[in-house]
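Chemist: Mind having a look at this structure? Questions to follow.
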Amino acid sequence: MAQKSEVNAKSKSSKVENLLTLDYNNLTSEAVGPENGLEAADFTSLKGLLTTAAKDFNNKRKKGLLPFADLPTDQVMAKACRKLADEGRKKYENVVVLGIGGSALGTAAIFKALRPLNHNIQDNKKRGWPRLFVADNIDPEGFAAILEETDLSKTLFNVISKSGATAETMSQFMIVYERLRKSLGAEAIKEHLLITTDPENGVLRRLVKAQGLKSLPIPPGVGGRFSVLSAVGLAPLALAGVNIADLLAGAAQAVEDFKAPPMSNKALLFAGLNYLMTTKKNRPSLVMMPYSDSLARVADWFGQLWNESLGKGQLLDGSKAAIGQTAIKALGATDQHSQLQLYMEGPRDKTICFIGLEEFRCQIKIPTIFKDQDELSYLSGRGLGELLNYERLGTAKALAENGRPSLALVTPKLTSAGLGYLLQTLMLATVISGSLYNINPLDQPGVELGKKFTYGLMGRRNFEDMAERYNKIKANAKYIVS
Ligand code: PA5
């Protein structure tokens, strides 16, 4: 039986209570000691810092400089994506996103969280929605595997690039375009390509106009890593059966709750607490550790959001700096058996952020057997979700007893609204962190130089000097062992 149409389901209530709890007890000096934790005086200074940062945010928002915060209430785009999904589910068996960074990571995170983990391997009828592949790399072996798996005649390729200038996405686009033309003919391209790009600028928009290709706009001023709730994420996610109405309703609730005063405002506090841990407690790394397979890729998405936004070499006044807090992804309970030893006894340079679910969407009970074996009897009759949650709580407590600070973001159950709330809270917190560090969280100048070397090495016109610079260094390289 086909799964119920979630895409067209309107959010049942506009205000949903308690979608997220922020617990920062284990960041306090009471829990981890005065050397490692925050004290009353820190919280007093934090209140002032956050009040100023929130004012800065609201001023910028009023000037139209933070349009990502308005995406959750953009009903026009949501409606267009729901329509696309209702039509597309009848036509396509597969949707392949061609995009990278902010054009891919959010979609991959939400897809994994809100569709069954076996979505792509379910029987077509049972699934009821197209399979979704996010091709966010150009490893020929990875891309070949996706192309081999997806019959062109039953596939929609969603090319997503705000700039239209990203080498990885453009090379994938060219490969797919030519395959479609050769296999299905020039006219069929229009049925199998959806271009999501800037509404006015760039080569993709030019091609859309010249060839009458289907397209969706990415609102100006919304950067890649803040764009998941625009057409960038909404279109492919709706096509895969995600309830985008509830996702947006949860995100809108987070924007609403952002009006709360600093010490009861989750986005402000998340930013402020991590800022203090970095600058006052010398903890330059933040481990993002969901205790849920479904949320594993949220840590990936957050890694890009936090690192690309806050890792900056220049303050707002132009002076040089080296700012940032390195987000590191981990997964509970798996990484308790891989990374935790380091977090517990290694360098005192990390804050751990747990993400937890109070209740899982499915329960698996451990059978009531081996009651007479001490090593097994405590497990018998208990739930796997219950065990996973006690492991999270036990790990946080053990870290605290060892002077290792942590905080936790806990949602009652993984729902579309709850996930929208979580992601929007983290995006708001990222921009607030930019204010606290006095840097621009919306740009990424540091990634340009590497791109220029690549252009030079690939023989792009006007980048010959970059190839020369590279080859000169290479010719002199003597520390190589073969
Ligand atoms: O967050 C960002 O701005 C980047 O990660 C971009 O999303 C990424 O570089 C892809 O850019 P584009 O969408 O222009 O292809």
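Letters A, B, ... go to the chains of the structure tokens in the order shown; residues in each chain start at 1; ligands are counted from 1 in the same order.
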Show me which residues sit within 9 Å of ligand 1 when counting only C-alpha atoms and all ligand atoms, and put them as a PyMOL selection string.
Modeler: chain A and resi 99-105+160-170+196-198+222-227+232+304-305+308-309+442-444+447
Chemist: Report as a list in words all protein, DNA and RNA residues lying within 7 Å of stretch 398-408 of chain A, evaluated on only C-alpha atoms, omitting residues in the same chain fewer than 4 positions from it.
Modeler: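 The residues satisfying every condition are Leu22, Asp23, Tyr24, Asn26, Leu27, Ala31, Val32, Gly33, Asn36, Gly37, Met344, Thr351, Ile352, Cys353, Phe354, Ile355 and Gly394 of chain A.
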Chemist: DSSP on the backbone, helix (DSSP H, G or I) only: what residues of stretch 289-449 of chain A does that give? Format it as a ChimeraX atom specification.
Modeler: /A:293-310,334-337,340-345,374-377,384-401,416-437,445-449
Chemist: Using DSSP on the backbone, list every residue of stretch 90-323 of chain A that comes out as strand (DSSP E), and give them as a PyMOL selection string.
Modeler: chain A and resi 94-98+131-135+155-160+193-197+214-217+285-290+312-314+320-323
Chemist: Produce a file of the selected residues containing N, CA and C atoms, as a CSV table (one decimal), in the first residue's frame.
Modeler:
```csv
chain,number,residue,atom,x,y,z
A,94,ASN,N,12.6,8.3,-9.7
A,94,ASN,CA,13.8,8.8,-9.0
A,94,ASN,C,13.9,10.4,-9.1
A,95,VAL,N,14.4,11.0,-8.1
A,95,VAL,CA,14.8,12.4,-8.1
A,95,VAL,C,16.3,12.4,-7.7
A,96,VAL,N,17.1,13.0,-8.6
A,96,VAL,CA,18.6,13.1,-8.3
A,96,VAL,C,18.9,14.6,-8.1
A,97,VAL,N,19.4,15.0,-6.9
A,97,VAL,CA,19.9,16.3,-6.7
A,97,VAL,C,21.3,16.4,-7.2
A,98,LEU,N,21.6,17.4,-8.1
A,98,LEU,CA,23.0,17.7,-8.4
A,98,LEU,C,23.3,19.0,-7.7
A,131,ARG,N,12.4,7.8,-5.3
A,131,ARG,CA,13.6,7.7,-4.5
A,131,ARG,C,14.3,9.0,-4.6
A,132,LEU,N,15.1,9.3,-3.6
A,132,LEU,CA,15.9,10.6,-3.7
A,132,LEU,C,17.4,10.3,-3.5
A,133,PHE,N,18.2,10.7,-4.5
A,133,PHE,CA,19.6,10.6,-4.4
A,133,PHE,C,20.2,12.0,-4.4
A,134,VAL,N,21.2,12.3,-3.5
A,134,VAL,CA,21.8,13.6,-3.4
A,134,VAL,C,23.3,13.3,-3.9
A,135,ALA,N,23.5,13.8,-5.1
A,135,ALA,CA,24.9,13.6,-5.7
A,135,ALA,C,25.7,14.8,-5.4
A,155,THR,N,13.5,9.5,-14.4
A,155,THR,CA,14.3,10.3,-13.4
A,155,THR,C,14.2,11.8,-13.6
A,156,LEU,N,14.0,12.6,-12.5
A,156,LEU,CA,14.1,14.0,-12.6
A,156,LEU,C,15.4,14.4,-12.0
A,157,PHE,N,16.2,15.2,-12.7
A,157,PHE,CA,17.5,15.7,-12.2
A,157,PHE,C,17.3,17.1,-11.8
A,158,ASN,N,17.4,17.4,-10.5
A,158,ASN,CA,17.3,18.7,-9.9
A,158,ASN,C,18.6,19.4,-9.8
A,159,VAL,N,19.0,20.2,-10.7
A,159,VAL,CA,20.3,20.9,-10.7
A,159,VAL,C,20.2,22.1,-9.8
A,160,ILE,N,21.0,22.1,-8.7
A,160,ILE,CA,20.8,23.2,-7.7
A,160,ILE,C,22.1,24.0,-7.5
A,193,LEU,N,14.7,17.7,-16.4
A,193,LEU,CA,15.6,18.7,-15.7
A,193,LEU,C,14.8,19.7,-14.9
A,194,LEU,N,15.2,20.0,-13.7
A,194,LEU,CA,14.6,21.1,-12.9
A,194,LEU,C,15.8,21.9,-12.4
A,195,ILE,N,15.8,23.2,-12.8
A,195,ILE,CA,17.0,24.0,-12.4
A,195,ILE,C,16.6,24.9,-11.3
A,196,THR,N,17.3,24.8,-10.2
A,196,THR,CA,17.0,25.7,-9.0
A,196,THR,C,18.2,26.7,-8.9
A,197,THR,N,18.0,28.0,-9.2
A,197,THR,CA,19.2,28.9,-9.2
A,197,THR,C,18.7,30.3,-8.9
A,214,LYS,N,12.5,24.0,-17.0
A,214,LYS,CA,11.7,24.2,-15.8
A,214,LYS,C,12.7,24.7,-14.7
A,215,SER,N,12.2,25.7,-13.9
A,215,SER,CA,13.1,26.2,-12.9
A,215,SER,C,12.4,26.8,-11.7
A,216,LEU,N,13.2,26.9,-10.6
A,216,LEU,CA,12.7,27.5,-9.4
A,216,LEU,C,13.7,28.5,-8.9
A,217,PRO,N,13.3,29.6,-8.3
A,217,PRO,CA,14.3,30.6,-7.8
A,217,PRO,C,14.8,30.4,-6.4
A,285,SER,N,36.6,23.5,20.0
A,285,SER,CA,35.9,22.5,19.2
A,285,SER,C,34.5,22.2,19.8
A,286,LEU,N,33.5,21.9,18.9
A,286,LEU,CA,32.2,21.6,19.3
A,286,LEU,C,31.8,20.3,18.6
A,287,VAL,N,31.7,19.2,19.4
A,287,VAL,CA,31.3,17.9,18.8
A,287,VAL,C,29.7,17.9,18.8
A,288,MET,N,29.2,17.6,17.6
A,288,MET,CA,27.8,17.5,17.5
A,288,MET,C,27.4,16.0,17.4
A,289,MET,N,26.7,15.5,18.4
A,289,MET,CA,26.6,14.1,18.5
A,289,MET,C,25.1,13.7,18.7
A,290,PRO,N,24.4,13.5,17.6
A,290,PRO,CA,23.0,13.0,17.8
A,290,PRO,C,23.0,11.5,18.2
A,312,LYS,N,36.5,32.5,10.3
A,312,LYS,CA,36.8,33.7,9.5
A,312,LYS,C,38.2,34.3,9.9
A,313,GLY,N,38.8,34.9,8.9
A,313,GLY,CA,40.1,35.5,9.0
A,313,GLY,C,40.1,37.0,9.2
A,314,GLN,N,38.9,37.6,9.3
A,314,GLN,CA,38.8,39.0,9.3
A,314,GLN,C,37.6,39.5,10.2
A,320,LYS,N,42.7,41.7,10.9
A,320,LYS,CA,43.0,40.3,10.7
A,320,LYS,C,42.7,39.5,12.0
A,321,ALA,N,42.2,38.3,11.9
A,321,ALA,CA,41.9,37.5,13.1
A,321,ALA,C,41.9,36.0,12.6
A,322,ALA,N,41.7,35.1,13.5
A,322,ALA,CA,41.5,33.7,13.2
A,322,ALA,C,40.5,33.2,14.1
A,323,ILE,N,39.2,33.3,13.7
A,323,ILE,CA,38.0,33.1,14.5
A,323,ILE,C,37.4,31.8,14.2
```
Chemist: Would you list the contacts of stretch 390-393 of chain A as an mmCIF file with C-alpha atoms, in the first residue's frame, taking every protein, DNA or RNA residue within 9 Å and counting only C-alpha atoms, but skipping same-chain residues closer than 3 positions in sequence?
Modeler:
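Result saved to part_0.cif:
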```cif
data_model
loop_
_atom_site.group_PDB
_atom_site.id
_atom_site.type_symbol
_atom_site.label_atom_id
_atom_site.label_comp_id
_atom_site.auth_asym_id
_atom_site.auth_seq_id
_atom_site.Cartn_x
_atom_site.Cartn_y
_atom_site.Cartn_z
ATOM 1 C CA TYR A 291 21.860 9.783 19.396
ATOM 2 C CA GLY A 332 25.782 8.051 19.455
ATOM 3 C CA ALA A 333 26.025 5.319 20.518
ATOM 4 C CA GLN A 336 31.127 5.882 22.183
ATOM 5 C CA PHE A 354 24.173 15.866 22.318
ATOM 6 C CA ILE A 355 21.029 15.745 20.229
ATOM 7 C CA GLY A 356 18.444 13.421 21.680
ATOM 8 C CA GLY A 385 15.461 3.321 22.286
ATOM 9 C CA GLU A 386 15.472 3.259 26.081
ATOM 10 C CA LEU A 387 19.000 1.814 26.092
ATOM 11 C CA ALA A 396 26.949 13.122 29.551
ATOM 12 C CA LYS A 397 27.225 12.409 33.268
ATOM 13 C CA ALA A 398 30.536 10.559 32.886
#
```
Chemist: Check the smallest atom-to-atom distance from each of A:Gln373, A:Pro347, A:Glu468, A:Pro284 to A:Tyr455 using only C-alpha atoms, then report the winner.
Modeler: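 Using only C-alpha atoms, the shortest distance to A:Tyr455 belongs to A:Glu468.
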Chemist: At a cut-off of 6 Å, using only C-alpha atoms, what residues contact stretch 421-425 of chain A? Leave out same-chain residues fewer than 4 positions from it and give the result as a PyMOL selection string.
Modeler: chain A and resi 250-251+254+267
Chemist: Within 10 Å of stretch 116-119 of chain A, counting only C-alpha atoms, which residues qualify if same-chain residues fewer than 3 places away don't, as a list in words?
Modeler: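 Final neighbour list, sorted by chain and number: Phe111, Lys112, Ala113, Gln122, Asp123, Asn124, Lys126, Arg127, Gly128, Trp129, Pro130, Arg131, Leu132, Ala240, Gly241, Asp293 and Ser294 of chain A.
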Chemist: Just the selected residues (C-alpha atoms), exported as a tab-separated table (two decimals), in the first residue's frame, please.
Modeler:
```tsv
chain	number	residue	atom	x	y	z
A	111	PHE	CA	15.52	13.32	3.87
A	112	LYS	CA	17.36	10.93	6.16
A	113	ALA	CA	15.52	12.25	9.22
A	122	GLN	CA	11.57	-0.03	-0.51
A	123	ASP	CA	9.35	-1.48	-3.18
A	124	ASN	CA	8.02	1.33	-5.49
A	126	LYS	CA	5.02	0.68	-0.82
A	127	ARG	CA	7.15	3.81	-0.98
A	128	GLY	CA	4.63	5.79	-3.04
A	129	TRP	CA	7.16	8.57	-3.73
A	130	PRO	CA	10.25	8.78	-5.91
A	131	ARG	CA	13.57	7.65	-4.51
A	132	LEU	CA	15.90	10.55	-3.69
A	240	ALA	CA	10.39	12.40	-1.84
A	241	GLY	CA	7.27	12.64	0.33
A	293	ASP	CA	20.62	7.30	13.02
A	294	SER	CA	17.92	9.46	11.45
```
Chemist: Would you list the contacts of A:Ala417 as a list in words, taking every protein, DNA or RNA residue within 9 Å and counting only C-alpha atoms, but skipping same-chain residues closer than 5 positions in sequence?
Modeler: Ser11, Val16, Leu19, Asn243, Ile244, Ala245, Asp246, Leu247, Leu248, Ala249, Gly250, Ala251, Gln253 and Leu422 of chain A
Chemist: Would you mind exporting the chosen residues as a JSON list (two decimals), in the first residue's frame, restricted to N, CA and C atoms?
Modeler:
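Output file result_6.json is given in full below:
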```
[["chain", "number", "residue", "atom", "x", "y", "z"],
["A", 11, "SER", "N", -0.35, 21.76, 7.88],
["A", 11, "SER", "CA", -0.03, 21.67, 9.29],
["A", 11, "SER", "C", -1.32, 21.78, 10.10],
["A", 16, "VAL", "N", 2.89, 24.66, 17.91],
["A", 16, "VAL", "CA", 3.10, 23.35, 18.51],
["A", 16, "VAL", "C", 4.01, 23.58, 19.71],
["A", 19, "LEU", "N", 8.81, 21.89, 21.14],
["A", 19, "LEU", "CA", 9.44, 21.13, 20.07],
["A", 19, "LEU", "C", 10.91, 20.87, 20.35],
["A", 243, "ASN", "N", 6.80, 15.97, 4.56],
["A", 243, "ASN", "CA", 5.73, 16.91, 4.89],
["A", 243, "ASN", "C", 6.34, 18.30, 5.07],
["A", 244, "ILE", "N", 6.42, 19.04, 3.95],
["A", 244, "ILE", "CA", 7.11, 20.34, 4.03],
["A", 244, "ILE", "C", 6.26, 21.38, 4.75],
["A", 245, "ALA", "N", 4.94, 21.19, 4.77],
["A", 245, "ALA", "CA", 4.08, 22.15, 5.49],
["A", 245, "ALA", "C", 4.42, 22.14, 6.98],
["A", 246, "ASP", "N", 4.54, 20.96, 7.56],
["A", 246, "ASP", "CA", 4.87, 20.86, 8.99],
["A", 246, "ASP", "C", 6.32, 21.27, 9.26],
["A", 247, "LEU", "N", 7.20, 20.93, 8.33],
["A", 247, "LEU", "CA", 8.61, 21.32, 8.47],
["A", 247, "LEU", "C", 8.71, 22.84, 8.60],
["A", 248, "LEU", "N", 7.99, 23.53, 7.71],
["A", 248, "LEU", "CA", 8.02, 25.00, 7.72],
["A", 248, "LEU", "C", 7.31, 25.56, 8.95],
["A", 249, "ALA", "N", 6.22, 24.90, 9.36],
["A", 249, "ALA", "CA", 5.50, 25.38, 10.55],
["A", 249, "ALA", "C", 6.40, 25.32, 11.78],
["A", 250, "GLY", "N", 7.18, 24.25, 11.89],
["A", 250, "GLY", "CA", 8.11, 24.12, 13.03],
["A", 250, "GLY", "C", 9.18, 25.21, 12.97],
["A", 251, "ALA", "N", 9.68, 25.46, 11.76],
["A", 251, "ALA", "CA", 10.72, 26.49, 11.60],
["A", 251, "ALA", "C", 10.15, 27.87, 11.93],
["A", 253, "GLN", "N", 7.81, 28.47, 14.00],
["A", 253, "GLN", "CA", 7.68, 28.54, 15.47],
["A", 253, "GLN", "C", 9.02, 28.94, 16.11],
["A", 422, "LEU", "N", 14.37, 22.64, 15.01],
["A", 422, "LEU", "CA", 15.78, 22.44, 15.36],
["A", 422, "LEU", "C", 16.69, 23.14, 14.35]]
```
Chemist: Taking only C-alpha atoms into account, name the residue in A:Thr334, A:Asn59, A:Thr278, A:Asn25 that is nearest to A:Asp349.
Modeler: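 When distances to A:Asp349 are compared using only C-alpha atoms, the smallest one comes from A:Thr278.
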Chemist: Would you mind listing, for every residue of stretch 351-443 of chain A within 7 Å of stretch 316-319 of chain A, the two atoms forming the shortest contact and the distance between them in Å to one decimal, using only C-alpha atoms, sorted by chain and ascending residue number, as a tab-separated table?
Modeler:
```
residue	atom	partner	partner_atom	distance
A:Asn438	CA	A:Leu316	CA	5.8
A:Ile439	CA	A:Leu316	CA	5.1
A:Asn440	CA	A:Leu316	CA	6.6
```
Chemist: Would you work out the distance separating atom CA of A:Pro261 from atom CA of A:Gly48, expressed in Å to one decimal?
Modeler: 10.8 Å
Chemist: Measuring between only C-alpha atoms, which one of A:His337, A:Gly459, A:Lys60, A:Ile432 shows the shortest distance to A:Leu269?
Modeler: A:Ile432
